[in-house]
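Worksheet for the structure shown next.
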Amino acid sequence: MFSELRPHLVELRKRLGLSVLSVFVAFIVAFVFHEVLLEWVTAPLNEALDQVAHISKKAADGMVTTHQVGGAFFVALKVSFFAALLGALPFILYQLWLFVAPGLYNNEKKMVLPFVIGGSVMFFIGVMFAYYVVTPFGFQFLITFGSFLYTPLINIEDYVGFFTKIMMGFGIAFELPVFAYFLALLGLVTDKTLKDFFKYAVIIIFVLAALLTPPDILTQLLMAVPLVLLYGLSILIVRAVNPHKEDQNEEDDTEEESEI
């Protein structure tokens, strides 16, 4: 049994090694521009603090701080690593495809470009949606709330971790139509499968939204509603690729019920 798995493990190690190498190269490039990346990452937070400053004079002293001696350095590392993951994503998806490609048919192997391009585009759309739509509302609400009583002193280490969590969560969530398409292409799901699972999917989506977003209803809805819409889009995509076909027994039962 191990002899049969060994070639696959060797191939997996190769693909993982190349993926890690691509992230490392992208990390070096990103770290060179870490100041620009930090400005981009902290822009929603600074806008929220400015908004609070206009509301409360006390909140005008709000600022972004660090509680560690090497805090700024470690934050630069985290932001650079996050940017490296985004930059290396197309190559990582390509390596993932090369790993599963030997088990596919020739017509399925031709879908490498849609998988890589579609997966990368949807991930970036999710990140941009989180950055330009979700975080402005979420940060302004959370920082504004109680600003008349407390001065917001934001720890940059906590903020960057929180920021990357939201970005990665939305990026992965927006991959749903892409994965649904390829699962349907492989014949693993049909539109009936997704329809039957819809009520459970809605519950899972709202639970994930509560875990991946700030603890306010508005931000959670900004994540949950697009995911429900994406799930509906996935049903339409799967219906076009691998529609459900009723079995002969199901057709006979339907005919008997109609006769009765």
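How things are named: the first chain in the structure tokens is A, the next is B, and so on; residues count from 1 in each chain; ligands count from 1 in the order shown.
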Exercise for the section: Determine, counting only C-alpha atoms, which protein, DNA and RNA residues have an atom within 12 Å of an atom of Leu227 (chain A); residues of the same chain fewer than 4 positions away are not included. Present the result as a list in words. Expected result: Gly126, Phe129, Gly169, Phe170, Gly171, Ile172, Ala173, Phe174, Glu175, Leu176, Pro177, Phe198, Ala201, Val202, Ile203, Ile204, Ile205, Phe206, Val207, Leu208, Ala209, Gln220, Leu221, Leu222, Met223, Tyr231, Gly232, Leu233 and Ser234 of chain A
Exercise for the section: Could you give me, as a ChimeraX atom specification, the residues within 12 Å of Phe27 (chain A), counting only C-alpha atoms and dropping anything in the same chain fewer than 4 positions from it? Expected result: /A:20-23,31-34,37,76-88
Exercise for the section: Using backbone DSSP assignments, extract all alpha helix (DSSP H) residues from region 30-140 of chain A; output them as an MDAnalysis selection string. Expected result: chainID A and resid 30:32 34:55 71:100 106:109 112:129 135:140
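The interatomic distance for the pair CA of Arg6 (chain A) and CA of Phe99 (chain A) works out to 13.6 Å.
By only C-alpha atoms, and with residues fewer than 5 positions from Pro90 (chain A) along its chain excluded, the set lying at most 8 Å from it is Val116, Ile117, Gly119 and Ser120 of chain A.
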Generate a file of the selected residues that holds N, CA, C and O atoms, formatted as a compact mmCIF listing (two decimals), in the first residue's frame.
# COMPACT_ATOMS: atom_id res chain seq x y z
N VAL A 116 -6.97 28.27 -12.68
CA VAL A 116 -5.98 29.19 -12.13
C VAL A 116 -6.48 30.63 -12.19
O VAL A 116 -6.43 31.36 -11.20
N ILE A 117 -6.97 31.03 -13.36
CA ILE A 117 -7.41 32.41 -13.54
C ILE A 117 -8.68 32.67 -12.73
O ILE A 117 -8.80 33.68 -12.01
N GLY A 119 -9.88 31.01 -10.11
CA GLY A 119 -9.62 30.96 -8.68
C GLY A 119 -8.93 32.21 -8.18
O GLY A 119 -9.27 32.74 -7.11
N SER A 120 -7.94 32.69 -8.94
CA SER A 120 -7.20 33.90 -8.53
C SER A 120 -8.10 35.13 -8.57
O SER A 120 -8.09 35.94 -7.63
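Closest approach to Leu185 (chain A) from the set A:Phe141, A:Phe115, A:Phe73, A:Phe197 is made by A:Phe115, with distances taken over only C-alpha atoms.
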Problem - Between CA of Tyr181 (chain A) and CA of Glu11 (chain A), distance in Å (one decimal) - result: 25.1 Å
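By chain and then residue number, the residues within 9 Å of region 152-164 of chain A are Val41, Thr42, Leu45, Leu49, Ala59, Ala60, Asp61, Gly62, Met63, Val64, Thr65, Thr66, His67, Gln68, Gly71, Ala72, Phe74, Val75, Lys78, Val79, Phe82, Tyr131, Thr135, Ile143, Thr144, Leu212, Thr213 and Pro214 of chain A, counting only C-alpha atoms and disregarding those fewer than 6 positions away in sequence.
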Practice task
Could you pull out the residues in region 31-208 of chain A that DSSP calls strand (DSSP E) from the backbone, as number ranges by chain?
Solution key: A: 63-65, 153-155
Output for the residues just chosen: N, CA, C and O atoms as a short mmCIF file (atom, residue, chain, number, x, y, z; two decimals), in the first residue's frame:
data_model
loop_
_atom_site.label_atom_id
_atom_site.label_comp_id
_atom_site.auth_asym_id
_atom_site.auth_seq_id
_atom_site.Cartn_x
_atom_site.Cartn_y
_atom_site.Cartn_z
N MET A 63 -4.94 56.97 18.19
CA MET A 63 -3.77 56.70 17.35
C MET A 63 -3.51 55.21 17.29
O MET A 63 -4.08 54.42 18.04
N VAL A 64 -2.63 54.85 16.36
CA VAL A 64 -2.19 53.46 16.21
C VAL A 64 -0.88 53.30 16.95
O VAL A 64 0.07 54.06 16.72
N THR A 65 -0.79 52.32 17.84
CA THR A 65 0.39 52.15 18.68
C THR A 65 0.94 50.74 18.55
O THR A 65 0.33 49.87 17.92
N LEU A 153 -6.86 53.69 21.28
CA LEU A 153 -5.43 53.44 21.06
C LEU A 153 -5.32 52.03 20.49
O LEU A 153 -5.40 51.03 21.21
N ILE A 154 -5.15 51.94 19.18
CA ILE A 154 -5.22 50.67 18.47
C ILE A 154 -3.84 50.02 18.42
O ILE A 154 -2.87 50.64 17.94
N ASN A 155 -3.75 48.80 18.90
CA ASN A 155 -2.51 48.03 18.82
C ASN A 155 -2.33 47.52 17.39
O ASN A 155 -3.15 46.75 16.90
#
Exercise for the section: Could you check how far CA of Met111 (chain A) sits from CA of Trp97 (chain A), in Å to one decimal? Expected result: 9.2 Å
